[in-house]
$ cat coords-v3.pdb   # PDB, C-alpha atoms, pLDDT in the B column
ATOM      1  CA  MET A   1      13.378  -5.335   2.196  1.00 80.00           C
ATOM      2  CA  PHE A   2      15.451  -2.446   3.457  1.00 78.00           C
ATOM      3  CA  ASP A   3      16.752  -3.468   6.879  1.00 77.00           C
ATOM      4  CA  GLY A   4      19.106  -0.558   7.488  1.00 76.00           C
ATOM      5  CA  ASP A   5      18.765   1.942  10.313  1.00 78.00           C
ATOM      6  CA  THR A   6      15.909   4.444  10.047  1.00 82.00           C
ATOM      7  CA  ASP A   7      13.764   6.468  12.416  1.00 84.00           C
ATOM      8  CA  PHE A   8      10.729   4.332  11.562  1.00 90.00           C
ATOM      9  CA  ARG A   9       9.826   2.493  14.749  1.00 93.00           C
ATOM     10  CA  TYR A  10       6.818   1.299  16.695  1.00 94.00           C
ATOM     11  CA  ASP A  11       6.971   0.922  20.459  1.00 92.00           C
ATOM     12  CA  GLY A  12      10.756   1.148  20.281  1.00 91.00           C
ATOM     13  CA  ARG A  13      11.124  -1.612  17.673  1.00 92.00           C
ATOM     14  CA  PRO A  14      12.402  -1.017  14.122  1.00 93.00           C
ATOM     15  CA  ILE A  15       9.641  -1.325  11.538  1.00 94.00           C
ATOM     16  CA  SER A  16      11.960  -3.539   9.474  1.00 93.00           C
ATOM     17  CA  ASP A  17      12.022  -6.114  12.293  1.00 94.00           C
ATOM     18  CA  ILE A  18       8.235  -6.053  12.567  1.00 95.00           C
ATOM     19  CA  LEU A  19       7.797  -6.506   8.811  1.00 95.00           C
ATOM     20  CA  ALA A  20      10.336  -9.332   8.758  1.00 94.00           C
ATOM     21  CA  GLU A  21       8.251 -11.138  11.388  1.00 95.00           C
ATOM     22  CA  GLN A  22       4.728 -10.346  10.226  1.00 96.00           C
ATOM     23  CA  ALA A  23       4.599  -9.732   6.460  1.00 96.00           C
ATOM     24  CA  PRO A  24       3.021 -12.889   4.965  1.00 95.00           C
ATOM     25  CA  GLU A  25       5.470 -15.163   3.200  1.00 93.00           C
ATOM     26  CA  PRO A  26       5.000 -16.765  -0.237  1.00 92.00           C
ATOM     27  CA  PRO A  27       4.075 -20.466  -0.326  1.00 86.00           C
ATOM     28  CA  LYS A  28       7.067 -21.549  -2.409  1.00 81.00           C
ATOM     29  CA  ILE A  29      10.781 -21.112  -1.866  1.00 75.00           C
ATOM     30  CA  GLY A  30      12.334 -18.934  -4.547  1.00 69.00           C
ATOM     31  CA  PRO A  31      14.895 -16.201  -5.232  1.00 65.00           C
ATOM     32  CA  HIS A  32      12.426 -13.394  -4.457  1.00 66.00           C
ATOM     33  CA  ASN A  33      11.026 -14.687  -1.155  1.00 73.00           C
ATOM     34  CA  ASP A  34      12.264 -11.594   0.692  1.00 86.00           C
ATOM     35  CA  PHE A  35      10.986  -9.175  -1.967  1.00 93.00           C
ATOM     36  CA  THR A  36       8.482  -7.169   0.082  1.00 95.00           C
ATOM     37  CA  VAL A  37       5.535  -5.446  -1.601  1.00 97.00           C
ATOM     38  CA  TYR A  38       3.303  -2.976   0.229  1.00 97.00           C
ATOM     39  CA  VAL A  39      -0.135  -2.683  -1.387  1.00 96.00           C
ATOM     40  CA  MET A  40      -2.448   0.262  -0.751  1.00 93.00           C
ATOM     41  CA  GLY A  41      -5.970   0.747  -2.009  1.00 90.00           C
ATOM     42  CA  PRO A  42      -9.502   1.475  -0.804  1.00 86.00           C
ATOM     43  CA  TYR A  43     -10.669  -0.635   2.132  1.00 81.00           C
ATOM     44  CA  THR A  44     -14.332   0.300   1.703  1.00 78.00           C
ATOM     45  CA  ALA A  45     -16.491  -0.408  -1.335  1.00 70.00           C
ATOM     46  CA  PHE A  46     -19.030   2.127  -2.527  1.00 66.00           C
ATOM     47  CA  ASN A  47     -22.431   0.847  -1.400  1.00 60.00           C
ATOM     48  CA  ALA A  48     -25.447   2.648  -2.863  1.00 51.00           C
ATOM     49  CA  GLU A  49     -27.640   1.411  -0.002  1.00 56.00           C
ATOM     50  CA  LYS A  50     -25.691   3.655   2.360  1.00 60.00           C
ATOM     51  CA  ALA A  51     -26.085   6.679   0.091  1.00 55.00           C
ATOM     52  CA  TYR A  52     -29.573   6.437  -1.436  1.00 52.00           C
ATOM     53  CA  ASP A  53     -32.942   5.584   0.096  1.00 56.00           C
ATOM     54  CA  ASP A  54     -34.167   3.781  -3.033  1.00 56.00           C
ATOM     55  CA  ALA A  55     -31.002   1.739  -3.595  1.00 51.00           C
ATOM     56  CA  ASP A  56     -32.887  -1.465  -2.780  1.00 61.00           C
ATOM     57  CA  GLN A  57     -34.405  -1.214  -6.259  1.00 53.00           C
ATOM     58  CA  LEU A  58     -31.004  -1.765  -7.845  1.00 48.00           C
ATOM     59  CA  ARG A  59     -29.855  -5.191  -8.974  1.00 53.00           C
ATOM     60  CA  THR A  60     -26.775  -4.649  -6.822  1.00 62.00           C
ATOM     61  CA  PRO A  61     -25.755  -1.684  -4.660  1.00 56.00           C
ATOM     62  CA  PHE A  62     -22.103  -2.170  -5.671  1.00 65.00           C
ATOM     63  CA  GLN A  63     -20.300  -0.965  -8.778  1.00 70.00           C
ATOM     64  CA  LYS A  64     -18.588  -3.359 -11.143  1.00 79.00           C
ATOM     65  CA  ASP A  65     -14.938  -3.587 -10.157  1.00 82.00           C
ATOM     66  CA  PRO A  66     -11.985  -5.622 -11.514  1.00 85.00           C
ATOM     67  CA  LEU A  67     -10.792  -6.616  -8.028  1.00 88.00           C
ATOM     68  CA  PHE A  68     -13.877  -6.592  -5.824  1.00 84.00           C
ATOM     69  CA  ASP A  69     -16.581  -9.278  -5.830  1.00 83.00           C
ATOM     70  CA  PRO A  70     -19.279  -8.467  -3.228  1.00 77.00           C
ATOM     71  CA  GLU A  71     -20.262 -12.135  -2.982  1.00 77.00           C
ATOM     72  CA  GLU A  72     -16.726 -13.416  -2.503  1.00 79.00           C
ATOM     73  CA  HIS A  73     -15.026 -10.629  -0.570  1.00 74.00           C
ATOM     74  CA  VAL A  74     -16.832 -10.670   2.755  1.00 73.00           C
ATOM     75  CA  ASP A  75     -15.350  -9.720   6.127  1.00 75.00           C
ATOM     76  CA  GLU A  76     -15.697 -11.563   9.440  1.00 76.00           C
ATOM     77  CA  ASN A  77     -18.943  -9.699  10.145  1.00 73.00           C
ATOM     78  CA  GLY A  78     -20.510 -10.852   6.896  1.00 63.00           C
ATOM     79  CA  ASN A  79     -20.191  -7.480   5.161  1.00 72.00           C
ATOM     80  CA  SER A  80     -18.867  -7.059   1.634  1.00 73.00           C
ATOM     81  CA  SER A  81     -15.384  -5.625   2.006  1.00 82.00           C
ATOM     82  CA  MET A  82     -12.933  -3.999  -0.391  1.00 86.00           C
ATOM     83  CA  GLU A  83     -10.226  -4.718   2.180  1.00 90.00           C
ATOM     84  CA  GLU A  84     -10.779  -8.438   1.614  1.00 90.00           C
ATOM     85  CA  ALA A  85     -10.390  -7.871  -2.134  1.00 90.00           C
ATOM     86  CA  LEU A  86      -6.992  -6.247  -1.515  1.00 93.00           C
ATOM     87  CA  ARG A  87      -6.022  -9.085   0.811  1.00 93.00           C
ATOM     88  CA  ASP A  88      -7.016 -11.557  -1.901  1.00 93.00           C
ATOM     89  CA  PHE A  89      -4.925  -9.677  -4.468  1.00 95.00           C
ATOM     90  CA  CYS A  90      -1.905  -9.813  -2.140  1.00 96.00           C
ATOM     91  CA  ARG A  91      -2.422 -13.547  -1.716  1.00 96.00           C
ATOM     92  CA  GLU A  92      -2.344 -13.920  -5.498  1.00 95.00           C
ATOM     93  CA  LEU A  93       0.827 -11.817  -5.714  1.00 95.00           C
ATOM     94  CA  ARG A  94       2.510 -14.096  -3.181  1.00 95.00           C
ATOM     95  CA  HIS A  95       1.474 -17.209  -5.105  1.00 93.00           C
ATOM     96  CA  GLU A  96       2.250 -15.946  -8.607  1.00 91.00           C
ATOM     97  CA  HIS A  97       5.355 -13.861  -7.943  1.00 90.00           C
ATOM     98  CA  ASN A  98       6.872 -15.438  -4.796  1.00 91.00           C
ATOM     99  CA  CYS A  99       6.963 -12.115  -2.970  1.00 93.00           C
ATOM    100  CA  ARG A 100       5.891 -10.934   0.486  1.00 95.00           C
ATOM    101  CA  ALA A 101       2.888  -8.833  -0.529  1.00 96.00           C
ATOM    102  CA  PHE A 102       0.840  -7.316   2.288  1.00 97.00           C
ATOM    103  CA  ILE A 103      -1.649  -4.619   3.232  1.00 96.00           C
ATOM    104  CA  ALA A 104      -1.398  -2.464   6.346  1.00 95.00           C
ATOM    105  CA  THR A 105      -3.843  -4.519   8.407  1.00 94.00           C
ATOM    106  CA  ASP A 106      -1.694  -7.627   7.942  1.00 96.00           C
ATOM    107  CA  ILE A 107       0.752  -5.973  10.339  1.00 97.00           C
ATOM    108  CA  ASP A 108      -0.203  -5.906  14.014  1.00 95.00           C
ATOM    109  CA  ILE A 109       0.236  -2.217  14.769  1.00 96.00           C
ATOM    110  CA  PRO A 110      -2.846  -0.444  16.155  1.00 95.00           C
ATOM    111  CA  THR A 111      -3.964   3.041  15.239  1.00 93.00           C
ATOM    112  CA  HIS A 112      -4.238   5.609  18.030  1.00 95.00           C
ATOM    113  CA  GLN A 113      -8.005   5.037  18.196  1.00 94.00           C
ATOM    114  CA  GLN A 114      -7.605   1.273  18.361  1.00 94.00           C
ATOM    115  CA  ALA A 115      -5.003   1.627  21.106  1.00 94.00           C
ATOM    116  CA  GLU A 116      -7.274   3.969  23.055  1.00 94.00           C
ATOM    117  CA  ASN A 117     -10.192   1.547  22.783  1.00 94.00           C
ATOM    118  CA  HIS A 118      -7.992  -1.361  23.846  1.00 92.00           C
ATOM    119  CA  ASN A 119      -6.642   0.513  26.850  1.00 93.00           C
ATOM    120  CA  LYS A 120     -10.143   1.405  28.020  1.00 92.00           C
ATOM    121  CA  GLU A 121     -11.268  -2.220  27.899  1.00 89.00           C
ATOM    122  CA  ARG A 122      -8.086  -3.986  28.995  1.00 87.00           C
ATOM    123  CA  ASP A 123      -7.801  -5.995  32.192  1.00 87.00           C
ATOM    124  CA  ALA A 124      -5.989  -4.337  35.059  1.00 84.00           C
ATOM    125  CA  ASP A 125      -2.962  -6.614  34.696  1.00 87.00           C
ATOM    126  CA  ASP A 126      -2.640  -6.050  30.921  1.00 88.00           C
ATOM    127  CA  PRO A 127      -0.152  -3.367  29.866  1.00 89.00           C
ATOM    128  CA  GLU A 128      -1.274  -0.311  27.956  1.00 91.00           C
ATOM    129  CA  ILE A 129      -0.427  -0.201  24.270  1.00 92.00           C
ATOM    130  CA  THR A 130       0.477   2.744  22.081  1.00 93.00           C
ATOM    131  CA  GLY A 131      -0.886   3.590  18.661  1.00 94.00           C
ATOM    132  CA  MET A 132       0.563   4.768  15.364  1.00 94.00           C
ATOM    133  CA  ASP A 133      -1.493   6.782  12.905  1.00 93.00           C
ATOM    134  CA  PRO A 134      -2.308   5.102   9.561  1.00 92.00           C
ATOM    135  CA  LEU A 135      -0.312   7.523   7.421  1.00 91.00           C
ATOM    136  CA  ALA A 136       2.780   7.150   9.618  1.00 93.00           C
ATOM    137  CA  GLN A 137       2.419   3.381   9.305  1.00 94.00           C
ATOM    138  CA  SER A 138       2.144   3.611   5.529  1.00 94.00           C
ATOM    139  CA  VAL A 139       5.192   5.858   5.222  1.00 93.00           C
ATOM    140  CA  ALA A 140       7.225   3.424   7.329  1.00 94.00           C
ATOM    141  CA  PHE A 141       5.990   0.338   5.465  1.00 95.00           C
ATOM    142  CA  ALA A 142       6.656   2.008   2.110  1.00 95.00           C
ATOM    143  CA  ALA A 143      10.174   3.045   3.113  1.00 93.00           C
ATOM    144  CA  HIS A 144      11.196  -0.512   3.967  1.00 94.00           C
ATOM    145  CA  SER A 145       9.379  -2.318   1.121  1.00 95.00           C
ATOM    146  CA  ASP A 146      11.068  -3.262  -2.139  1.00 95.00           C
ATOM    147  CA  ALA A 147       8.001  -2.161  -4.090  1.00 96.00           C
ATOM    148  CA  VAL A 148       4.934  -0.059  -3.301  1.00 96.00           C
ATOM    149  CA  ILE A 149       1.624  -0.356  -5.158  1.00 96.00           C
ATOM    150  CA  PHE A 150      -1.246   2.132  -5.054  1.00 94.00           C
ATOM    151  CA  LEU A 151      -4.514   0.796  -6.496  1.00 94.00           C
ATOM    152  CA  PHE A 152      -7.433   2.955  -7.614  1.00 91.00           C
ATOM    153  CA  THR A 153     -10.566   1.163  -8.777  1.00 88.00           C
ATOM    154  CA  ARG A 154     -14.085   2.201  -9.660  1.00 80.00           C
ATOM    155  CA  GLY A 155     -15.799   0.274  -6.892  1.00 75.00           C
ATOM    156  CA  GLY A 156     -13.849   1.640  -3.936  1.00 76.00           C
ATOM    157  CA  LEU A 157     -14.062   4.759  -1.793  1.00 68.00           C
ATOM    158  CA  THR A 158     -10.610   6.185  -2.435  1.00 70.00           C
ATOM    159  CA  THR A 159     -10.373   9.127  -0.027  1.00 72.00           C
ATOM    160  CA  GLY A 160      -8.007   7.284   2.323  1.00 76.00           C
ATOM    161  CA  VAL A 161      -5.662   5.856  -0.292  1.00 80.00           C
ATOM    162  CA  GLY A 162      -5.663   9.213  -2.070  1.00 83.00           C
ATOM    163  CA  ALA A 163      -4.469  10.946   1.102  1.00 85.00           C
ATOM    164  CA  GLU A 164      -1.812   8.273   1.639  1.00 86.00           C
ATOM    165  CA  THR A 165      -0.614   8.629  -1.945  1.00 88.00           C
ATOM    166  CA  GLY A 166      -0.020  12.345  -1.535  1.00 87.00           C
ATOM    167  CA  GLY A 167       1.558  11.871   1.883  1.00 87.00           C
ATOM    168  CA  ILE A 168       4.006   9.211   0.748  1.00 90.00           C
ATOM    169  CA  LEU A 169       5.007  10.904  -2.511  1.00 91.00           C
ATOM    170  CA  GLY A 170       5.638  14.102  -0.569  1.00 89.00           C
ATOM    171  CA  GLU A 171       7.485  12.351   2.263  1.00 88.00           C
ATOM    172  CA  PHE A 172       9.914  10.787  -0.209  1.00 90.00           C
ATOM    173  CA  HIS A 173      10.442  14.036  -2.186  1.00 88.00           C
ATOM    174  CA  LEU A 174       9.276  12.561  -5.493  1.00 90.00           C
ATOM    175  CA  ARG A 175       7.840  15.707  -7.076  1.00 88.00           C
ATOM    176  CA  ARG A 176       9.680  16.344 -10.334  1.00 86.00           C
ATOM    177  CA  GLY A 177      12.266  19.080  -9.904  1.00 81.00           C
ATOM    178  CA  ASN A 178      12.296  18.831  -6.103  1.00 81.00           C
ATOM    179  CA  PRO A 179      15.923  19.519  -5.071  1.00 77.00           C
ATOM    180  CA  ALA A 180      15.607  17.466  -1.897  1.00 75.00           C
ATOM    181  CA  THR A 181      17.329  14.105  -1.731  1.00 65.00           C
ATOM    182  CA  THR A 182      14.963  11.355  -2.889  1.00 59.00           C
ATOM    183  CA  HIS A 183      14.458   8.991   0.005  1.00 78.00           C
ATOM    184  CA  LYS A 184      12.816   6.302  -2.117  1.00 87.00           C
ATOM    185  CA  PRO A 185      13.515   5.810  -5.819  1.00 90.00           C
ATOM    186  CA  GLY A 186      10.413   6.472  -7.895  1.00 90.00           C
ATOM    187  CA  GLN A 187      11.068   3.278  -9.855  1.00 93.00           C
ATOM    188  CA  ARG A 188       9.909   1.380  -6.766  1.00 94.00           C
ATOM    189  CA  ILE A 189       6.511   3.091  -6.494  1.00 95.00           C
ATOM    190  CA  ALA A 190       3.700   2.277  -8.922  1.00 95.00           C
ATOM    191  CA  ILE A 191       0.198   3.680  -9.286  1.00 95.00           C
ATOM    192  CA  TYR A 192      -2.287   1.441 -11.087  1.00 95.00           C
ATOM    193  CA  ARG A 193      -5.684   2.773 -12.107  1.00 92.00           C
ATOM    194  CA  ASP A 194      -8.718   0.798 -13.189  1.00 91.00           C
ATOM    195  CA  LYS A 195      -9.599   2.015 -16.710  1.00 89.00           C
ATOM    196  CA  ASN A 196     -13.121   2.812 -15.512  1.00 86.00           C
ATOM    197  CA  PHE A 197     -11.905   4.906 -12.586  1.00 82.00           C
ATOM    198  CA  GLY A 198     -11.944   8.622 -13.312  1.00 78.00           C
ATOM    199  CA  SER A 199      -9.864  11.208 -11.480  1.00 83.00           C
ATOM    200  CA  ALA A 200      -7.977  14.109 -13.039  1.00 87.00           C
ATOM    201  CA  THR A 201      -5.740  14.297  -9.965  1.00 87.00           C
ATOM    202  CA  ILE A 202      -4.705  10.636 -10.165  1.00 88.00           C
ATOM    203  CA  ASP A 203      -4.400  10.743 -13.963  1.00 88.00           C
ATOM    204  CA  GLU A 204      -1.883  13.573 -13.794  1.00 89.00           C
ATOM    205  CA  LEU A 205       0.220  12.325 -10.874  1.00 90.00           C
ATOM    206  CA  PRO A 206       2.953  10.965 -13.199  1.00 88.00           C
ATOM    207  CA  LYS A 207       3.278  14.422 -14.761  1.00 90.00           C
ATOM    208  CA  GLY A 208       4.093  15.935 -11.393  1.00 91.00           C
ATOM    209  CA  TYR A 209       5.766  13.006  -9.651  1.00 91.00           C
ATOM    210  CA  ASP A 210       8.541  10.667 -10.734  1.00 89.00           C
ATOM    211  CA  VAL A 211       6.728   7.348 -10.225  1.00 93.00           C
ATOM    212  CA  GLN A 212       5.506   4.419 -12.309  1.00 93.00           C
ATOM    213  CA  TYR A 213       1.954   4.693 -13.641  1.00 94.00           C
ATOM    214  CA  ASP A 214      -0.331   2.447 -15.681  1.00 94.00           C
ATOM    215  CA  THR A 215      -3.957   1.448 -16.182  1.00 93.00           C
ATOM    216  CA  PHE A 216      -5.570  -1.992 -16.187  1.00 92.00           C
ATOM    217  CA  GLY A 217      -8.825  -3.468 -17.402  1.00 91.00           C
ATOM    218  CA  SER A 218      -8.941  -6.725 -15.454  1.00 92.00           C
ATOM    219  CA  LYS A 219      -7.232  -8.473 -12.576  1.00 93.00           C
ATOM    220  CA  LYS A 220      -5.365 -10.683 -15.060  1.00 94.00           C
ATOM    221  CA  ASN A 221      -4.169  -7.582 -16.903  1.00 95.00           C
ATOM    222  CA  LEU A 222      -3.041  -6.055 -13.592  1.00 95.00           C
ATOM    223  CA  HIS A 223      -1.002  -9.137 -12.706  1.00 94.00           C
ATOM    224  CA  GLN A 224       0.679  -9.041 -16.121  1.00 95.00           C
ATOM    225  CA  THR A 225       1.557  -5.374 -15.663  1.00 95.00           C
ATOM    226  CA  VAL A 226       2.908  -5.978 -12.163  1.00 95.00           C
ATOM    227  CA  ARG A 227       4.984  -8.914 -13.440  1.00 94.00           C
ATOM    228  CA  ARG A 228       6.677  -6.703 -16.044  1.00 94.00           C
ATOM    229  CA  TRP A 229       7.359  -4.052 -13.418  1.00 95.00           C
ATOM    230  CA  PHE A 230       8.854  -6.576 -10.990  1.00 94.00           C
ATOM    231  CA  ASP A 231      11.086  -7.934 -13.767  1.00 92.00           C
ATOM    232  CA  ASN A 232      12.273  -4.418 -14.619  1.00 93.00           C
ATOM    233  CA  LEU A 233      12.984  -3.732 -10.952  1.00 92.00           C
ATOM    234  CA  SER A 234      15.007  -6.926 -10.671  1.00 90.00           C
ATOM    235  CA  ARG A 235      17.088  -6.026 -13.723  1.00 91.00           C
ATOM    236  CA  GLU A 236      17.664  -2.456 -12.591  1.00 91.00           C
ATOM    237  CA  THR A 237      18.599  -3.564  -9.084  1.00 90.00           C
ATOM    238  CA  ARG A 238      21.060  -6.078 -10.523  1.00 87.00           C
ATOM    239  CA  ASP A 239      22.569  -3.691 -13.083  1.00 88.00           C
ATOM    240  CA  THR A 240      22.620  -0.413 -11.136  1.00 90.00           C
ATOM    241  CA  ASP A 241      22.331  -1.482  -7.495  1.00 89.00           C
ATOM    242  CA  LEU A 242      19.043   0.433  -7.217  1.00 90.00           C
ATOM    243  CA  PRO A 243      18.504   1.180  -3.505  1.00 90.00           C
ATOM    244  CA  VAL A 244      15.271   0.365  -1.709  1.00 91.00           C
ATOM    245  CA  PHE A 245      15.506   3.404   0.536  1.00 87.00           C
ATOM    246  CA  ILE A 246      17.969   6.254   0.980  1.00 83.00           C
ATOM    247  CA  PRO A 247      18.180   7.380   4.602  1.00 77.00           C
ATOM    248  CA  GLY A 248      20.195  10.382   5.635  1.00 64.00           C
ATOM    249  CA  GLU A 249      20.043  14.084   4.933  1.00 58.00           C
ATOM    250  CA  THR A 250      16.762  15.495   3.680  1.00 54.00           C
ATOM    251  CA  TYR A 251      18.311  18.074   1.374  1.00 42.00           C
ATOM    252  CA  SER A 252      21.109  17.848  -1.138  1.00 41.00           C
ATOM    253  CA  SER A 253      24.385  19.637  -0.477  1.00 36.00           C
ATOM    254  CA  GLU A 254      23.635  22.189  -3.209  1.00 40.00           C
ATOM    255  CA  ILE A 255      20.821  23.730  -1.166  1.00 35.00           C
ATOM    256  CA  ASP A 256      21.985  23.123   2.389  1.00 35.00           C
ATOM    257  CA  THR A 257      22.225  26.299   4.437  1.00 33.00           C
TER     258      THR A 257
END
$ encode --input "coords-v3.pdb" --output "structure tokens"
Amino acid sequence: MFDGDTDFRYDGRPISDILAEQAPEPPKIGPHNDFTVYVMGPYTAFNAEKAYDDADQLRTPFQKDPLFDPEEHVDENGNSSMEEALRDFCRELRHEHNCRAFIATDIDIPTHQQAENHNKERDADDPEITGMDPLAQSVAFAAHSDAVIFLFTRGGLTTGVGAETGGILGEFHLRRGNPATTHKPGQRIAIYRDKNFGSATIDELPKGYDVQYDTFGSKKNLHQTVRRWFDNLSRETRDTDLPVFIPGETYSSEIDT
């Protein structure tokens, strides 16, 4: 985890301190226990019952997905949840790779809407809280994490993660040929697409942006791919001192005015 000084803060506290306290830890002690992995993907599964009046005639309203099981991944309200599938995947990453894998909702930072709702309902002696918008949270989490994973699968509604992907790649100046200083090395950001997920925009991201990209056909296949990537990151960090994040000037000296 990058624990240097940045402008990424919540309520006056450095995001690195918050992640150090709240990012779930792996169950076993190992050399990569502080290797922090931020995972982004769809939180909502496509549900045909919400889109079509005759969806009750289907065997299941959900699409087949390598990560999401509508019977197993159920939230506290009893609803099938893609977010729980991502949380489950992070749990597996922590167990199999001894890393601190997490999703945004593992970290106790409210959005502006959540803060507003809390402040309306709070007791008179409870202090007001402030919010932080989801994209700002993701940019901050990504900056301080050793590795960042974007997941696109057939069964999820990907509007949110798609917006975050564009926001983060742009924030860290990762478009190929961009003369601005890269704030996060592209080797540390990976986009993994379910083979049955179709999107021309996502498919061509690696042509426009200097990031890692691969497809997967099953959860087991995804774990194998992630393992190879983590191993490559470890070697490159050891051999070249690959930084986690590069704070400082936005633009290189060649184009400063």
$ residues_around --input "coords-v3.pdb" --residues "Thr215 (chain A)" --least-positions-apart "6" --cutoff "12 Å" --atoms "all atoms listed in the file" --output "NGL selection string"
:A and (66 or 150-153 or 190-198 or 202-203 or 221-226)
$ closest_residue --input "coords-v3.pdb" --among "A:Thr130, A:His144, A:Gly155, A:Met1" --to "Lys64 (chain A)" --atoms "all atoms listed in the file"
A:Gly155
$ closest_residue --input "coords-v3.pdb" --among "A:His173, A:Thr6, A:Gly41, A:Pro70" --to "Arg87 (chain A)" --atoms "all atoms listed in the file"
A:Gly41
$ resolve_selection --input "coords-v3.pdb" --expression "the PyMOL selection byres ((chain A and resi 139) around 12)" --output "PyMOL selection string"
chain A and resi 6-9+15+38+40+104+132-138+140-145+148+163-172+183-184+245
$ resolve_selection --input "coords-v3.pdb" --expression "the PyMOL selection byres ((chain A and resi 128) around 12)" --output "compact mmCIF listing (two decimals) with C-alpha atoms, in the frame of the given file"
# COMPACT_ATOMS: atom_id res chain seq x y z
CA ASP A 11 6.97 0.92 20.46
CA PRO A 110 -2.85 -0.44 16.16
CA HIS A 112 -4.24 5.61 18.03
CA GLN A 114 -7.60 1.27 18.36
CA ALA A 115 -5.00 1.63 21.11
CA GLU A 116 -7.27 3.97 23.06
CA ASN A 117 -10.19 1.55 22.78
CA HIS A 118 -7.99 -1.36 23.85
CA ASN A 119 -6.64 0.51 26.85
CA LYS A 120 -10.14 1.40 28.02
CA GLU A 121 -11.27 -2.22 27.90
CA ARG A 122 -8.09 -3.99 29.00
CA ASP A 123 -7.80 -6.00 32.19
CA ALA A 124 -5.99 -4.34 35.06
CA ASP A 125 -2.96 -6.61 34.70
CA ASP A 126 -2.64 -6.05 30.92
CA PRO A 127 -0.15 -3.37 29.87
CA ILE A 129 -0.43 -0.20 24.27
CA THR A 130 0.48 2.74 22.08
CA GLY A 131 -0.89 3.59 18.66
$ closest_residue --input "coords-v3.pdb" --among "A:Ile29, A:Met82, A:Leu205, A:Ala23" --to "Asp106 (chain A)" --atoms "all atoms listed in the file"
A:Ala23
$ resolve_selection --input "coords-v3.pdb" --expression "the PyMOL selection byres ((chain A and resi 44) around 10)" --output "ChimeraX atom specification"
/A:41-43,45-47,80-85,155-160
$ residues_around --input "coords-v3.pdb" --residues "Thr36 (chain A)" --least-positions-apart "6" --cutoff "7 Å" --atoms "all atoms listed in the file" --output "NGL selection string"
:A and (1 or 99-101 or 145-147)
$ atom_distance --input "coords-v3.pdb" --atom1 "CA of Pro206 (chain A)" --atom2 "CA of Ile189 (chain A)"
10.9 Å
$ atom_distance --input "coords-v3.pdb" --atom1 "CA of Ile149 (chain A)" --atom2 "CA of Lys28 (chain A)"
22.1 Å
$ closest_residue --input "coords-v3.pdb" --among "A:Gln187, A:His73, A:Gln63, A:Asp17" --to "Leu233 (chain A)" --atoms "all atoms listed in the file"
A:Gln187
$ atom_distance --input "coords-v3.pdb" --atom1 "CA of Phe89 (chain A)" --atom2 "CA of Leu174 (chain A)"
26.4 Å
